[in-house]
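Engineer: Sending over a structure as structure tokens; questions will come in a sec.
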Amino acid sequence: MSHLLGINHLTLSTTDLDRLVAYYTELLGASLAFERASTGNDPRFAVVDVGGDDHLLIVETAAASTTGLDPLRGAGWGLRVGSHARLCEVRERIAGAGLPVGEIETLPTQWTMTVRDPDGRPVDVRAHRPRAASQE
């Protein structure tokens with residue numbers, strides 16, 4: 001039996017913490033859980049609540065982060081929204097802000113689109129499709 005419940009957080013680095021936090025909160029609907037100023041030993045960072053018990057830990061760094069795709073040529077991670085309608089709303093907000101956003105694709109179990117955050121990092125945003133009643 002697994003004792004793992006899911007991902008606690010994913011850490012992203014950025015050269016502009018305010019810009020990246022604004023992207024995830026204002027355009028994708030996440031909420032800022034807390035922010036900490038830099039100290040003598042540690043950089044400035046913010047924790048963004050992306051739903052449930054899942055968080056992004058965003059750390060401000062002097063050097064730009066890697067923005068390459070994963071080996072499958074897709075985003076290396078993704079966020080989940082509650083419905084196809086919500087996915088469409090998010091897409092419209094991002095497009096309305098003049099930022100790059102892919103088309104919504106229909107997969108067997110979900111709808112998905114790929115966006116790029118302000119640092120160029122690809123992020124899948126997905127909504128699970130309703131499951132069909134099992135055939136017995």
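Residue names in the structure tokens use chain letters A, B, ... in the order shown, residue numbers from 1 in each chain, and ligand numbers from 1 in the order shown.
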Taking the DSSP secondary structure from the backbone, can you list the residues of region 1-69 of chain A that are strand (DSSP E or B), as a list in words?
Structural biologist: His9, Leu10, Thr11, Leu12, Ser13, Thr14, Ser31, Leu32, Ala33, Phe34, Glu35, Arg36, Phe45, Ala46, Val47, Val48, Asp49, Val50, Gly51, Asp54, His55, Leu56, Leu57, Ile58, Val59 and Glu60 of chain A
Engineer: What's the 8 Å shell around Ala64 (chain A), counting only C-alpha atoms, without same-chain residues fewer than 3 positions away, as a count of residues only?
Structural biologist: 5
Engineer: Select from chain A everything DSSP, run on the backbone, classes as alpha helix (DSSP H), then give the selection as a list of chain:residue names.
Structural biologist: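 The residues of chain A classed as alpha helix (DSSP H) are A:Leu17, A:Asp18, A:Arg19, A:Leu20, A:Val21, A:Ala22, A:His84, A:Ala85, A:Arg86, A:Leu87, A:Cys88, A:Glu89, A:Val90, A:Arg91, A:Glu92, A:Arg93, A:Ile94, A:Ala95, A:Gly96.
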Engineer: How would the residues just chosen look if you wrote them out with N, CA and C atoms as an mmCIF file, in the first residue's frame?
Structural biologist:
```
data_model
loop_
_atom_site.group_PDB
_atom_site.id
_atom_site.type_symbol
_atom_site.label_atom_id
_atom_site.label_comp_id
_atom_site.auth_asym_id
_atom_site.auth_seq_id
_atom_site.Cartn_x
_atom_site.Cartn_y
_atom_site.Cartn_z
ATOM 1 N N LEU A 17 10.146 37.205 -9.824
ATOM 2 C CA LEU A 17 9.147 36.558 -8.971
ATOM 3 C C LEU A 17 7.772 37.202 -9.102
ATOM 4 N N ASP A 18 7.711 38.516 -9.094
ATOM 5 C CA ASP A 18 6.412 39.195 -9.160
ATOM 6 C C ASP A 18 5.670 38.855 -10.445
ATOM 7 N N ARG A 19 6.377 38.842 -11.554
ATOM 8 C CA ARG A 19 5.756 38.542 -12.853
ATOM 9 C C ARG A 19 5.210 37.120 -12.881
ATOM 10 N N LEU A 20 5.986 36.154 -12.388
ATOM 11 C CA LEU A 20 5.557 34.759 -12.441
ATOM 12 C C LEU A 20 4.406 34.504 -11.467
ATOM 13 N N VAL A 21 4.455 35.088 -10.277
ATOM 14 C CA VAL A 21 3.348 34.944 -9.323
ATOM 15 C C VAL A 21 2.077 35.556 -9.917
ATOM 16 N N ALA A 22 2.174 36.711 -10.550
ATOM 17 C CA ALA A 22 1.006 37.347 -11.166
ATOM 18 C C ALA A 22 0.416 36.463 -12.261
ATOM 19 N N HIS A 84 -14.364 21.566 -18.613
ATOM 20 C CA HIS A 84 -14.039 22.081 -19.938
ATOM 21 C C HIS A 84 -14.357 23.572 -20.009
ATOM 22 N N ALA A 85 -15.474 23.975 -19.431
ATOM 23 C CA ALA A 85 -15.849 25.397 -19.431
ATOM 24 C C ALA A 85 -14.794 26.236 -18.730
ATOM 25 N N ARG A 86 -14.287 25.758 -17.609
ATOM 26 C CA ARG A 86 -13.247 26.494 -16.879
ATOM 27 C C ARG A 86 -11.969 26.557 -17.708
ATOM 28 N N LEU A 87 -11.639 25.466 -18.400
ATOM 29 C CA LEU A 87 -10.458 25.452 -19.267
ATOM 30 C C LEU A 87 -10.599 26.510 -20.364
ATOM 31 N N CYS A 88 -11.791 26.620 -20.935
ATOM 32 C CA CYS A 88 -12.046 27.645 -21.958
ATOM 33 C C CYS A 88 -11.894 29.047 -21.373
ATOM 34 N N GLU A 89 -12.383 29.259 -20.148
ATOM 35 C CA GLU A 89 -12.250 30.562 -19.493
ATOM 36 C C GLU A 89 -10.781 30.928 -19.291
ATOM 37 N N VAL A 90 -9.996 29.972 -18.831
ATOM 38 C CA VAL A 90 -8.569 30.214 -18.610
ATOM 39 C C VAL A 90 -7.888 30.543 -19.933
ATOM 40 N N ARG A 91 -8.240 29.798 -20.974
ATOM 41 C CA ARG A 91 -7.644 30.053 -22.285
ATOM 42 C C ARG A 91 -7.951 31.471 -22.760
ATOM 43 N N GLU A 92 -9.188 31.897 -22.595
ATOM 44 C CA GLU A 92 -9.579 33.236 -23.021
ATOM 45 C C GLU A 92 -8.849 34.318 -22.218
ATOM 46 N N ARG A 93 -8.667 34.119 -20.909
ATOM 47 C CA ARG A 93 -7.934 35.098 -20.091
ATOM 48 C C ARG A 93 -6.499 35.241 -20.565
ATOM 49 N N ILE A 94 -5.863 34.103 -20.846
ATOM 50 C CA ILE A 94 -4.468 34.140 -21.281
ATOM 51 C C ILE A 94 -4.363 34.786 -22.667
ATOM 52 N N ALA A 95 -5.213 34.371 -23.592
ATOM 53 C CA ALA A 95 -5.201 34.957 -24.934
ATOM 54 C C ALA A 95 -5.525 36.448 -24.866
ATOM 55 N N GLY A 96 -6.469 36.825 -24.005
ATOM 56 C CA GLY A 96 -6.839 38.223 -23.846
ATOM 57 C C GLY A 96 -5.709 39.077 -23.304
#
```
Engineer: So that I can see what lies close to region 41-50 of chain A, please list as JSON, numbers by chain the residues with an atom at most 8 Å from it, counting only C-alpha atoms and leaving out residues fewer than 4 positions away in the same chain.
Structural biologist: {"A": [17, 21, 24, 25, 29, 30, 31, 32, 33, 34, 35, 36, 37, 54, 55, 56, 57, 58, 59, 60, 61, 79]}
Engineer: So which one's closest to Pro130 (chain A), A:Ala62, A:Leu107, A:Ile7, A:Leu27? Using only C-alpha atoms, please.
Structural biologist: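 Of A:Ala62, A:Leu107, A:Ile7, A:Leu27, the one nearest Pro130 (chain A) is A:Leu107, counting only C-alpha atoms.
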Engineer: Do you know which residues are at most 9 Å from Trp77 (chain A) counting only C-alpha atoms, after dropping those on the same chain fewer than 6 positions away, and could you put them as a PDB file with N, CA, C and O atoms, in the first residue's frame?
Structural biologist:
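Saved as part-v5.pdb:
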```
ATOM      1  N   ASP A  70      10.015  18.458 -22.234  1.00  0.00           N
ATOM      2  CA  ASP A  70      10.399  17.135 -21.765  1.00  0.00           C
ATOM      3  C   ASP A  70      10.697  16.235 -22.969  1.00  0.00           C
ATOM      4  O   ASP A  70      10.471  16.630 -24.112  1.00  0.00           O
ATOM      5  N   PRO A 122       6.870  25.548 -20.666  1.00  0.00           N
ATOM      6  CA  PRO A 122       5.584  24.992 -21.077  1.00  0.00           C
ATOM      7  C   PRO A 122       4.850  24.380 -19.883  1.00  0.00           C
ATOM      8  O   PRO A 122       5.447  23.727 -19.036  1.00  0.00           O
ATOM      9  N   VAL A 123       3.546  24.626 -19.834  1.00  0.00           N
ATOM     10  CA  VAL A 123       2.688  24.093 -18.769  1.00  0.00           C
ATOM     11  C   VAL A 123       1.418  23.561 -19.424  1.00  0.00           C
ATOM     12  O   VAL A 123       0.762  24.286 -20.169  1.00  0.00           O
ATOM     13  N   ASP A 124       1.084  22.304 -19.171  1.00  0.00           N
ATOM     14  CA  ASP A 124      -0.191  21.766 -19.624  1.00  0.00           C
ATOM     15  C   ASP A 124      -1.256  22.186 -18.622  1.00  0.00           C
ATOM     16  O   ASP A 124      -1.040  22.104 -17.413  1.00  0.00           O
ATOM     17  N   VAL A 125      -2.404  22.621 -19.118  1.00  0.00           N
ATOM     18  CA  VAL A 125      -3.556  22.893 -18.272  1.00  0.00           C
ATOM     19  C   VAL A 125      -4.645  21.954 -18.776  1.00  0.00           C
ATOM     20  O   VAL A 125      -4.954  21.946 -19.971  1.00  0.00           O
TER      21      VAL A 125
END
```
Engineer: Using only C-alpha atoms, which residue out of A:Arg80, A:Tyr23, A:Thr11, A:Gly102 lies closest to Pro118 (chain A)?
Structural biologist: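 Of A:Arg80, A:Tyr23, A:Thr11, A:Gly102, the one nearest Pro118 (chain A), counting only C-alpha atoms, is A:Tyr23.
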